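One structure below.
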Amino acid sequence: MRRVDRKDESTVYQRVVLKNASPYHYMKVCLVLEDESTRLSAVEFKCFIISGLKSLFGEVGAALTFDLLKYDEDTLTALLRVCSRGLVKLWSSLTLLGSYQNQACAFRVLQVSPYLLALTGNSRELQLY
Amino acid sequence: MSVDLDQTPRSLLISERSSFLDEKSRISSQVEQQHFNYKVSVLLPECGPTPSHLDSVLNSFSSFYLIRQLPIYELLDKHFLETAVYQGSVYGLSYRTRVDEENCVALMPNGRLCLSLDKDSFQVLGVEGKPSRFNHRANSRYVVSVDLTDSSMAPGGRGYLRLLTGLRSRLHLKTDFVLSHHPGGGASLQSLLSRHDWSEHRPEISHHALTNLSCPALPTSDLQSCDPHSFLEWLGAMDADVSCENSSSSFLSSLVCPEPKTTLSRALSVSVCGLLLPQDIHRLIQELRCYLEQPRLESWASLTVHGFVDSPVSWGGGEHGVLRGGENLYTLLMFHDHTYHLHLATGAHDTCPP
């Protein structure tokens with residue numbers, strides 16, 4: 001029945017343009033550690049990032065909510081989601097995180113996008129040789 | 001300072017609702033205007049194994065060719081112009097060059113050659129061009145766009161010789177190059193391929209079966225009923241294999257499926273990667289429409305197309321660049337009753353999609 005009702009409206013054309021409306025930004029990041037055999041669990045990984053936010057922005061910064069959408073323990077690669085207003089804060093604290101348990105480390109930001117979809121279709125990953 | 005911290009670069013999301021049956025529907029031209037497609041992914045709800053018709057369309061996607069260290073002046077070769085560019089459409093793009101830091105080249109199906117060059121290379125080349133739209137303060141990048149089918153660019157003409165000398169004797173621009181030809185395929189490109197180190201590549205297909213997933217309820221009637229950003233986020237989560245089954249109090253992630261939602265017992269996600277032609281994507285859309293015409297449990301299918309991040313052009317030959325990401329993608333959500341929702345998304349360095 002529902003389909004029949006819609007037939008009348010099926011020719012209606014609608015176009016909506018949304019500018020800067022994305023509520024979240026998504027980051028693909030990879031943690032590089034001096035000792036490559038070190039393993040972190042997903043919870044440890046997130047706590048480590050929170051500690052970075054706290055050391056740069058204090059208690060208020062540590063309250064910034066972000067999500068660890070996906071985490072690969074073998075490659076220490078993660079997908080993060082953060083509200084668009086918090087992107088710069090999160091990114092800067094990742095940049096300044098320099099040591100994990102007394103060993104040098106660095107976060108590599110592989111990709112940043114307002115669309116989660118874009119993170120699965122990065123043409124820079126195309127390998128032909 | 002606190003104001004700047006909150007801001008992010010411009011992004012655009014354009015959502016359209018129309019019907020394939022509508023005469024004014026622009027879907028074919030919108031698909032065709034995106035020339036350089038890197039990945040297509042299809043999500044079919046309540047679908048087990050890949051339907052055979054769909055599988056045959058996916059397997060019939062055109063091959064593409066990689067030429068290593070192609071001197072760009074070879075694209076102006078008279079024989080190549082006559083056998084490939086004037087006859088049909090060539091899709092060519094420099095490979096492994098980054099448009100935000102290196103020189104990039106694109107040969108579009110309408111015969112236009114587009115060079116995105118840094119300032120030094122542009123001055124050495126000595127051909128008329130325009131500063132890039134995305135220059136910040138100082139002009140550090142220039143775009144040279146030449147129509148190879150124009151009479152002034154006919155082999156032997158003044159414009160032709162000027163560009164040829166610039167590329168051959170002054171700039172010496174060499175790059176790995178991927179290309180494809182419609183409708184001739186490899187045969188039309190043979191004259192160019194035979195003189196270089198080349199390889200043929202098939203688009204890579206991957207299948208992924210999903211089970212027991214929550215899915216937003218999708219009414220066809222209104223665009224606003226399901227927020228486009230939430231829908232694309234959910235689709236991205238399915239594509240990246242991210243779980244949406246979280247509670248709001250969960251420590252790691254609070255990502256959930258947008259409301260109102262339903263549950264699917266299974267779904268099929270298929271993707272194809274490579275240099276994909278708009279004509280092949282068009283055939284895939286037609287096949288999906290046929291698929292939806294049969295009675296099913298769920299009456300929709302979605303198709304997402306990702307453009308090349310480092311292409312110097314995106315929709316309709318408009319300039320494209322990379323700021324934080326070079327995303328230019330669209331998602332087509334098709335319904336049983338021939339209506340569709342089209343979401344076109346771009347990042348900061350892009351023109352508004354058509």
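Residue numbering restarts at 1 for every chain of the structure tokens, chains are lettered A, B, ... in their displayed order, and ligands are numbered from 1 as they appear.
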
When you get a sec, could you note down which chain A residues fall within 8 Å of chain B, using only C-alpha atoms, as a tab-separated table (two decimals) with all heavy atoms, in the first residue's frame?
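So the final result, stored in iface_30.tsv, reads:
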chain	number	residue	atom	x	y	z
A	3	ARG	N	3.69	1.77	-1.16
A	3	ARG	CA	4.33	2.07	-2.44
A	3	ARG	C	3.39	2.83	-3.39
A	3	ARG	O	3.80	3.70	-4.10
A	3	ARG	CB	4.77	0.78	-3.11
A	3	ARG	CG	6.22	0.52	-2.81
A	3	ARG	CD	6.66	-0.79	-3.36
A	3	ARG	NE	7.70	-1.29	-2.50
A	3	ARG	CZ	7.85	-2.55	-2.17
A	3	ARG	NH1	7.05	-3.46	-2.65
A	3	ARG	NH2	8.83	-2.91	-1.38
A	6	ARG	N	3.20	6.45	-2.68
A	6	ARG	CA	4.37	7.23	-3.05
A	6	ARG	C	4.44	7.54	-4.53
A	6	ARG	O	5.17	8.41	-4.94
A	6	ARG	CB	5.63	6.48	-2.64
A	6	ARG	CG	5.92	6.72	-1.20
A	6	ARG	CD	7.20	6.05	-0.84
A	6	ARG	NE	7.15	5.75	0.57
A	6	ARG	CZ	7.46	4.57	1.08
A	6	ARG	NH1	7.86	3.61	0.27
A	6	ARG	NH2	7.40	4.37	2.35
A	7	LYS	N	3.73	6.78	-5.31
A	7	LYS	CA	3.83	6.97	-6.76
A	7	LYS	C	3.54	8.40	-7.18
A	7	LYS	O	4.17	8.94	-8.06
A	7	LYS	CB	2.87	6.01	-7.47
A	7	LYS	CG	3.65	4.90	-8.15
A	7	LYS	CD	2.80	4.06	-9.05
A	7	LYS	CE	3.67	3.03	-9.72
A	7	LYS	NZ	2.89	1.94	-10.25
A	9	GLU	N	4.17	11.02	-5.59
A	9	GLU	CA	5.25	11.95	-5.26
A	9	GLU	C	6.55	11.59	-5.97
A	9	GLU	O	7.52	12.31	-5.86
A	9	GLU	CB	5.56	11.90	-3.76
A	9	GLU	CG	4.38	11.95	-2.86
A	9	GLU	CD	4.80	11.58	-1.44
A	9	GLU	OE1	6.01	11.53	-1.18
A	9	GLU	OE2	3.91	11.32	-0.62
A	10	SER	N	6.55	10.47	-6.71
A	10	SER	CA	7.82	9.95	-7.18
A	10	SER	C	8.57	10.92	-8.10
A	10	SER	O	9.76	10.81	-8.27
A	10	SER	CB	7.63	8.62	-7.88
A	10	SER	OG	6.85	8.84	-9.04
A	11	THR	N	7.85	11.85	-8.70
A	11	THR	CA	8.54	12.76	-9.60
A	11	THR	C	9.03	14.02	-8.91
A	11	THR	O	9.62	14.87	-9.53
A	11	THR	CB	7.60	13.16	-10.76
A	11	THR	OG1	6.37	13.55	-10.21
A	11	THR	CG2	7.43	12.04	-11.74
A	12	VAL	N	8.76	14.12	-7.62
A	12	VAL	CA	9.18	15.33	-6.91
A	12	VAL	C	10.70	15.38	-6.83
A	12	VAL	O	11.33	14.40	-6.46
A	12	VAL	CB	8.58	15.37	-5.49
A	12	VAL	CG1	9.09	16.58	-4.74
A	12	VAL	CG2	7.08	15.37	-5.56
A	13	TYR	N	11.23	16.50	-7.23
A	13	TYR	CA	12.68	16.67	-7.20
A	13	TYR	C	13.05	17.53	-6.01
A	13	TYR	O	12.44	18.56	-5.76
A	13	TYR	CB	13.13	17.31	-8.50
A	13	TYR	CG	14.59	17.67	-8.53
A	13	TYR	CD1	15.56	16.69	-8.72
A	13	TYR	CD2	15.00	18.99	-8.36
A	13	TYR	CE1	16.90	17.02	-8.75
A	13	TYR	CE2	16.34	19.33	-8.38
A	13	TYR	CZ	17.28	18.33	-8.58
A	13	TYR	OH	18.61	18.66	-8.59
A	14	GLN	N	14.04	17.07	-5.29
A	14	GLN	CA	14.48	17.82	-4.11
A	14	GLN	C	15.99	17.93	-4.14
A	14	GLN	O	16.66	16.95	-4.51
A	14	GLN	CB	14.12	17.02	-2.86
A	14	GLN	CG	13.03	17.58	-2.02
A	14	GLN	CD	12.88	16.76	-0.75
A	14	GLN	OE1	12.94	15.53	-0.78
A	14	GLN	NE2	12.68	17.42	0.36
A	15	ARG	N	16.52	19.05	-3.78
A	15	ARG	CA	17.97	19.18	-3.68
A	15	ARG	C	18.30	19.98	-2.44
A	15	ARG	O	17.76	21.07	-2.24
A	15	ARG	CB	18.52	19.86	-4.94
A	15	ARG	CG	20.05	20.04	-4.92
A	15	ARG	CD	20.51	20.62	-6.24
A	15	ARG	NE	21.87	21.11	-6.23
A	15	ARG	CZ	22.91	20.49	-6.81
A	15	ARG	NH1	22.73	19.35	-7.41
A	15	ARG	NH2	24.11	21.01	-6.78
A	16	VAL	N	19.17	19.43	-1.63
A	16	VAL	CA	19.55	20.11	-0.39
A	16	VAL	C	21.07	20.24	-0.38
A	16	VAL	O	21.77	19.26	-0.65
A	16	VAL	CB	19.11	19.28	0.84
A	16	VAL	CG1	19.49	19.98	2.12
A	16	VAL	CG2	17.62	19.02	0.80
A	17	VAL	N	21.56	21.43	-0.14
A	17	VAL	CA	23.01	21.62	-0.07
A	17	VAL	C	23.40	21.90	1.37
A	17	VAL	O	22.88	22.83	1.98
A	17	VAL	CB	23.47	22.79	-0.98
A	17	VAL	CG1	24.96	23.01	-0.86
A	17	VAL	CG2	23.08	22.53	-2.41
A	18	LEU	N	24.27	21.08	1.91
A	18	LEU	CA	24.71	21.26	3.29
A	18	LEU	C	26.18	21.66	3.28
A	18	LEU	O	27.01	20.96	2.72
A	18	LEU	CB	24.55	19.95	4.08
A	18	LEU	CG	23.12	19.42	4.19
A	18	LEU	CD1	23.13	17.98	4.64
A	18	LEU	CD2	22.32	20.27	5.15
A	19	LYS	N	26.47	22.81	3.88
A	19	LYS	CA	27.85	23.28	3.90
A	19	LYS	C	28.38	23.21	5.32
A	19	LYS	O	27.73	23.70	6.24
A	19	LYS	CB	27.88	24.72	3.38
A	19	LYS	CG	29.28	25.21	3.10
A	19	LYS	CD	29.25	26.59	2.49
A	19	LYS	CE	30.67	27.10	2.34
A	19	LYS	NZ	30.72	28.49	1.89
A	20	ASN	N	29.55	22.61	5.46
A	20	ASN	CA	30.19	22.47	6.79
A	20	ASN	C	29.23	21.90	7.82
A	20	ASN	O	29.25	22.32	8.97
A	20	ASN	CB	30.68	23.82	7.30
A	20	ASN	CG	31.78	24.37	6.43
A	20	ASN	OD1	32.39	23.63	5.66
A	20	ASN	ND2	32.05	25.65	6.53
A	21	ALA	N	28.35	21.00	7.42
A	21	ALA	CA	27.33	20.53	8.35
A	21	ALA	C	27.71	19.21	9.00
A	21	ALA	O	26.95	18.70	9.81
A	21	ALA	CB	26.01	20.39	7.61
A	22	SER	N	28.85	18.67	8.63
A	22	SER	CA	29.20	17.37	9.18
A	22	SER	C	29.41	17.45	10.69
A	22	SER	O	30.24	18.23	11.16
A	22	SER	CB	30.48	16.88	8.50
A	22	SER	OG	30.88	15.69	9.10
A	23	PRO	N	28.65	16.68	11.47
A	23	PRO	CA	28.77	16.79	12.92
A	23	PRO	C	30.08	16.20	13.44
A	23	PRO	O	30.56	16.58	14.51
A	23	PRO	CB	27.58	16.00	13.45
A	23	PRO	CG	27.16	15.10	12.34
A	23	PRO	CD	27.59	15.74	11.06
A	42	ALA	N	42.86	-2.12	22.94
A	42	ALA	CA	42.05	-0.98	22.51
A	42	ALA	C	41.84	0.01	23.65
A	42	ALA	O	41.92	1.23	23.46
A	42	ALA	CB	40.71	-1.46	21.96
A	43	VAL	N	41.60	-0.52	24.85
A	43	VAL	CA	41.36	0.36	26.00
A	43	VAL	C	42.62	1.15	26.34
A	43	VAL	O	42.58	2.36	26.59
A	43	VAL	CB	40.88	-0.48	27.22
A	43	VAL	CG1	40.79	0.39	28.46
A	43	VAL	CG2	39.53	-1.11	26.92
A	46	LYS	N	43.10	3.96	23.82
A	46	LYS	CA	42.25	5.12	24.02
A	46	LYS	C	42.70	5.92	25.26
A	46	LYS	O	42.73	7.15	25.23
A	46	LYS	CB	40.78	4.71	24.15
A	46	LYS	CG	39.87	5.93	24.24
A	46	LYS	CD	38.43	5.67	23.94
A	46	LYS	CE	37.66	6.98	24.12
A	46	LYS	NZ	36.24	6.86	23.96
A	66	PHE	N	35.62	11.42	22.23
A	66	PHE	CA	35.89	10.89	20.89
A	66	PHE	C	35.69	9.39	20.95
A	66	PHE	O	35.69	8.80	22.04
A	66	PHE	CB	37.29	11.28	20.41
A	66	PHE	CG	38.41	10.63	21.18
A	66	PHE	CD1	38.99	9.45	20.72
A	66	PHE	CD2	38.89	11.19	22.35
A	66	PHE	CE1	40.01	8.85	21.44
A	66	PHE	CE2	39.91	10.59	23.07
A	66	PHE	CZ	40.47	9.41	22.61
A	67	ASP	N	35.49	8.78	19.82
A	67	ASP	CA	35.21	7.34	19.78
A	67	ASP	C	36.32	6.61	19.06
A	67	ASP	O	36.85	7.10	18.06
A	67	ASP	CB	33.90	7.07	19.05
A	67	ASP	CG	32.72	7.69	19.75
A	67	ASP	OD1	32.45	7.30	20.88
A	67	ASP	OD2	32.10	8.60	19.16
A	68	LEU	N	36.66	5.46	19.59
A	68	LEU	CA	37.60	4.58	18.91
A	68	LEU	C	36.74	3.58	18.13
A	68	LEU	O	36.24	2.62	18.69
A	68	LEU	CB	38.47	3.88	19.94
A	68	LEU	CG	39.58	2.98	19.41
A	68	LEU	CD1	40.71	3.82	18.87
A	68	LEU	CD2	40.11	2.07	20.51
A	69	LEU	N	36.53	3.87	16.85
A	69	LEU	CA	35.59	3.05	16.09
A	69	LEU	C	36.14	1.68	15.78
A	69	LEU	O	35.44	0.68	15.80
A	69	LEU	CB	35.24	3.75	14.77
A	69	LEU	CG	34.57	5.13	14.87
A	69	LEU	CD1	34.26	5.65	13.48
A	69	LEU	CD2	33.29	5.03	15.67
A	70	LYS	N	37.42	1.64	15.46
A	70	LYS	CA	38.00	0.38	15.05
A	70	LYS	C	39.48	0.41	15.41
A	70	LYS	O	40.11	1.46	15.33
A	70	LYS	CB	37.85	0.24	13.52
A	70	LYS	CG	38.15	-1.15	13.00
A	70	LYS	CD	37.98	-1.16	11.49
A	70	LYS	CE	38.36	-2.52	10.94
A	70	LYS	NZ	38.30	-2.55	9.49
A	84	SER	N	33.28	17.69	15.17
A	84	SER	CA	34.07	18.58	14.32
A	84	SER	C	34.76	19.69	15.12
A	84	SER	O	35.88	20.08	14.81
A	84	SER	CB	33.19	19.19	13.23
A	84	SER	OG	32.71	18.16	12.40
A	85	ARG	N	34.09	20.18	16.16
A	85	ARG	CA	34.69	21.25	16.96
A	85	ARG	C	35.93	20.78	17.70
A	85	ARG	O	36.77	21.58	18.09
A	85	ARG	CB	33.68	21.77	17.98
A	85	ARG	CG	32.53	22.55	17.37
A	85	ARG	CD	31.44	22.74	18.43
A	85	ARG	NE	31.93	23.48	19.60
A	85	ARG	CZ	31.81	24.79	19.71
A	85	ARG	NH1	31.26	25.49	18.76
A	85	ARG	NH2	32.27	25.39	20.78
A	86	GLY	N	36.03	19.48	17.94
A	86	GLY	CA	37.15	18.98	18.73
A	86	GLY	C	38.31	18.46	17.89
A	86	GLY	O	39.32	18.00	18.43
A	87	LEU	N	38.17	18.54	16.55
A	87	LEU	CA	39.19	17.95	15.69
A	87	LEU	C	40.58	18.53	15.93
A	87	LEU	O	41.55	17.80	16.09
A	87	LEU	CB	38.80	18.13	14.21
A	87	LEU	CG	39.84	17.65	13.21
A	87	LEU	CD1	39.95	16.14	13.22
A	87	LEU	CD2	39.52	18.13	11.80
A	88	VAL	N	40.66	19.85	15.98
A	88	VAL	CA	41.97	20.49	16.12
A	88	VAL	C	42.61	20.12	17.46
A	88	VAL	O	43.81	19.85	17.54
A	88	VAL	CB	41.84	22.02	15.95
A	88	VAL	CG1	43.17	22.70	16.16
A	88	VAL	CG2	41.30	22.33	14.57
A	89	LYS	N	41.78	20.07	18.49
A	89	LYS	CA	42.31	19.71	19.82
A	89	LYS	C	42.86	18.28	19.81
A	89	LYS	O	43.95	18.03	20.30
A	89	LYS	CB	41.19	19.81	20.87
A	89	LYS	CG	40.98	21.20	21.38
A	89	LYS	CD	39.99	21.17	22.53
A	89	LYS	CE	39.77	22.58	23.06
A	89	LYS	NZ	38.70	22.62	24.03
A	111	GLN	N	44.84	9.76	7.49
A	111	GLN	CA	43.77	10.38	6.71
A	111	GLN	C	42.78	11.06	7.63
A	111	GLN	O	42.51	10.57	8.73
A	111	GLN	CB	43.05	9.28	5.90
A	111	GLN	CG	42.43	9.77	4.61
A	111	GLN	CD	41.63	8.68	3.92
A	111	GLN	OE1	41.77	7.52	4.22
A	111	GLN	NE2	40.79	9.09	2.99
A	112	VAL	N	42.26	12.18	7.20
A	112	VAL	CA	41.25	12.90	7.97
A	112	VAL	C	40.13	13.28	7.01
A	112	VAL	O	40.39	13.74	5.91
A	112	VAL	CB	41.84	14.20	8.58
A	112	VAL	CG1	40.77	14.96	9.35
A	112	VAL	CG2	42.99	13.88	9.50
A	113	SER	N	38.90	13.06	7.44
A	113	SER	CA	37.80	13.40	6.55
A	113	SER	C	36.52	13.64	7.33
A	113	SER	O	36.33	13.08	8.40
A	113	SER	CB	37.57	12.24	5.57
A	113	SER	OG	36.41	12.48	4.82
A	114	PRO	N	35.64	14.50	6.80
A	114	PRO	CA	34.33	14.64	7.45
A	114	PRO	C	33.39	13.47	7.13
A	114	PRO	O	32.28	13.44	7.63
A	114	PRO	CB	33.79	15.96	6.90
A	114	PRO	CG	34.57	16.25	5.68
A	114	PRO	CD	35.85	15.50	5.75
A	115	TYR	N	33.83	12.53	6.27
A	115	TYR	CA	32.99	11.38	5.93
A	115	TYR	C	33.71	10.08	6.27
A	115	TYR	O	34.83	9.86	5.81
A	115	TYR	CB	32.65	11.38	4.44
A	115	TYR	CG	32.17	12.71	3.95
A	115	TYR	CD1	33.02	13.56	3.27
A	115	TYR	CD2	30.88	13.14	4.23
A	115	TYR	CE1	32.60	14.81	2.86
A	115	TYR	CE2	30.44	14.38	3.83
A	115	TYR	CZ	31.30	15.22	3.14
A	115	TYR	OH	30.88	16.45	2.75
A	116	LEU	N	33.05	9.23	7.02
A	116	LEU	CA	33.64	7.94	7.36
A	116	LEU	C	33.86	7.11	6.10
A	116	LEU	O	34.82	6.36	5.97
A	116	LEU	CB	32.72	7.21	8.35
A	116	LEU	CG	33.16	5.84	8.86
A	116	LEU	CD1	34.55	5.89	9.47
A	116	LEU	CD2	32.18	5.30	9.88
A	117	LEU	N	32.95	7.27	5.13
A	117	LEU	CA	33.06	6.53	3.87
A	117	LEU	C	34.38	6.79	3.16
A	117	LEU	O	34.95	5.90	2.54
A	117	LEU	CB	31.93	6.98	2.93
A	117	LEU	CG	30.65	6.17	2.87
A	117	LEU	CD1	29.69	6.85	1.93
A	117	LEU	CD2	30.91	4.75	2.42
A	118	ALA	N	34.88	8.02	3.26
A	118	ALA	CA	36.09	8.37	2.54
A	118	ALA	C	37.29	7.57	3.03
A	118	ALA	O	38.25	7.34	2.29
A	118	ALA	CB	36.37	9.86	2.69
A	119	LEU	N	37.23	7.11	4.27
A	119	LEU	CA	38.37	6.39	4.84
A	119	LEU	C	38.52	4.98	4.26
A	119	LEU	O	39.56	4.35	4.42
A	119	LEU	CB	38.24	6.32	6.37
A	119	LEU	CG	38.95	7.44	7.13
A	119	LEU	CD1	38.55	8.80	6.67
A	119	LEU	CD2	38.68	7.32	8.62
A	120	THR	N	37.48	4.47	3.63
A	120	THR	CA	37.60	3.14	3.04
A	120	THR	C	37.89	3.23	1.55
A	120	THR	O	38.07	2.22	0.90
A	120	THR	CB	36.31	2.32	3.23
A	120	THR	OG1	35.22	3.08	2.69
A	120	THR	CG2	36.05	2.04	4.68
A	121	GLY	N	37.92	4.41	0.98
A	121	GLY	CA	38.14	4.54	-0.46
A	121	GLY	C	39.25	5.52	-0.77
A	121	GLY	O	39.05	6.46	-1.51
A	122	ASN	N	40.42	5.28	-0.20
A	122	ASN	CA	41.53	6.21	-0.42
A	122	ASN	C	42.38	5.72	-1.58
A	122	ASN	O	43.07	4.72	-1.49
A	122	ASN	CB	42.36	6.28	0.86
A	122	ASN	CG	43.47	7.31	0.76
A	122	ASN	OD1	43.63	7.95	-0.28
A	122	ASN	ND2	44.22	7.47	1.83
A	123	SER	N	42.37	6.48	-2.67
A	123	SER	CA	43.07	6.02	-3.88
A	123	SER	C	44.59	6.03	-3.69
A	123	SER	O	45.32	5.45	-4.48
A	123	SER	CB	42.69	6.89	-5.07
A	123	SER	OG	43.06	8.22	-4.85
A	124	ARG	N	45.07	6.68	-2.64
A	124	ARG	CA	46.52	6.64	-2.40
A	124	ARG	C	46.98	5.25	-1.96
A	124	ARG	O	48.16	4.97	-1.92
A	124	ARG	CB	46.91	7.68	-1.35
A	124	ARG	CG	46.81	9.08	-1.90
A	124	ARG	CD	47.29	10.14	-0.95
A	124	ARG	NE	47.27	11.43	-1.62
A	124	ARG	CZ	47.56	12.59	-1.06
A	124	ARG	NH1	47.90	12.63	0.20
A	124	ARG	NH2	47.52	13.72	-1.74
A	126	LEU	N	46.09	2.54	-3.60
A	126	LEU	CA	46.07	1.66	-4.77
A	126	LEU	C	47.48	1.17	-5.08
A	126	LEU	O	48.39	1.96	-5.32
A	126	LEU	CB	45.50	2.42	-5.98
A	126	LEU	CG	45.45	1.68	-7.31
A	126	LEU	CD1	44.48	0.52	-7.26
A	126	LEU	CD2	45.05	2.61	-8.45
A	128	LEU	N	49.70	-1.00	-7.57
A	128	LEU	CA	49.73	-1.69	-8.86
A	128	LEU	C	51.07	-2.39	-9.10
A	128	LEU	O	51.21	-3.15	-10.04
A	128	LEU	CB	49.44	-0.70	-10.00
A	128	LEU	CG	48.04	-0.08	-10.01
A	128	LEU	CD1	47.87	0.88	-11.16
A	128	LEU	CD2	46.96	-1.15	-10.08

For Ser41 (chain A), list every protein, DNA or RNA residue within 10 Å, evaluated using only C-alpha atoms, and leave out those in the same chain fewer than 4 positions away; present the list as a ChimeraX atom specification. /A:45-47,71-74,76

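Using only C-alpha atoms, the nearest neighbour of Glu46 (chain B) within the list B:Ile285, B:Leu264, B:Leu148, B:Leu333 is B:Leu264.
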
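By chain and then residue number, the residues within 9 Å of Leu56 (chain A) are Ala62, Lys89, Ser92, Ser93 and Leu96 of chain A, counting only C-alpha atoms and disregarding those fewer than 6 positions away in sequence.
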
Enumerate as a PyMOL selection string all residues of region 38-142 of chain B assigned to strand (DSSP E) by DSSP on the backbone, naming them with the chain letters and numbers the document uses. chain B and resi 38-45+64-71+89-94+104-107+112-118+130-131+141-142

Just give me the gap between CA of Gly184 (chain B) and CA of Gly88 (chain B) in Å, one decimal is fine.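 CA of Gly88 (chain B) lies at a distance of 7.5 Å from CA of Gly184 (chain B).
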
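The coordinates place CA of Phe107 (chain A) at 13.9 Å from CA of Leu40 (chain A).
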
Quote the spacing between CA of His196 (chain B) and CA of Arg170 (chain B) in Å to one decimal place.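 Atom-to-atom, CA of His196 (chain B) to CA of Arg170 (chain B), that is 21.1 Å.
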
Counting only C-alpha atoms, which residue out of B:Ile27, B:Ala84, B:Ala154, B:Val90 sits closest to Pro354 (chain B)?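 Of the candidates, the smallest distance to Pro354 (chain B) is held by B:Ile27.
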
Contacts of Arg68 (chain B) within 7 Å, only C-alpha atoms, excl. fewer than 3 positions in-chain, as a PyMOL selection string: chain B and resi 175-177+197-198

Only N, CA and C atoms, please: the residues just picked out, written as a PDB file, in the first residue's frame.
ATOM      1  N   THR B 175      56.071  10.641 -15.653  1.00  0.00           N
ATOM      2  CA  THR B 175      55.347  10.108 -14.498  1.00  0.00           C
ATOM      3  C   THR B 175      54.754   8.743 -14.841  1.00  0.00           C
ATOM      4  N   ASP B 176      54.482   7.944 -13.799  1.00  0.00           N
ATOM      5  CA  ASP B 176      53.722   6.708 -14.020  1.00  0.00           C
ATOM      6  C   ASP B 176      52.302   7.130 -14.363  1.00  0.00           C
ATOM      7  N   PHE B 177      51.685   6.401 -15.264  1.00  0.00           N
ATOM      8  CA  PHE B 177      50.406   6.856 -15.806  1.00  0.00           C
ATOM      9  C   PHE B 177      49.451   5.688 -15.933  1.00  0.00           C
ATOM     10  N   ASP B 197      57.200   0.626 -21.055  1.00  0.00           N
ATOM     11  CA  ASP B 197      57.082  -0.476 -20.115  1.00  0.00           C
ATOM     12  C   ASP B 197      55.669  -0.397 -19.528  1.00  0.00           C
ATOM     13  N   TRP B 198      54.824  -1.356 -19.898  1.00  0.00           N
ATOM     14  CA  TRP B 198      53.429  -1.257 -19.458  1.00  0.00           C
ATOM     15  C   TRP B 198      52.926  -2.565 -18.886  1.00  0.00           C
TER      16      TRP B 198
END

DSSP alpha helix (DSSP H) residues within region 11-119 of chain A, listed as a PyMOL selection string: chain A and resi 42-62+87-96

Extract, using only C-alpha atoms, all DNA, RNA and protein residues at most 9 Å from Ile49 (chain A), discarding same-chain residues fewer than 6 positions from it, and format them as a VMD selection string. chain A and resid 90 93 to 94 97

Output C-alpha atoms of each residue in that selection to a file, as a compact mmCIF listing (two decimals), in the first residue's frame.
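File produced: part_29.txt:
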# COMPACT_ATOMS: atom_id res chain seq x y z
CA LEU A 90 42.51 15.97 19.25
CA SER A 93 47.40 16.42 21.20
CA LEU A 94 48.18 13.42 18.99
CA LEU A 97 52.33 12.78 22.20

Considering only C-alpha atoms, return as a PyMOL selection string whatever protein or nucleic-acid residues lie within 12 Å of Asn102 (chain A), sequence-local ones (same chain, fewer than 5 positions apart) excluded. chain A and resi 33-35+97
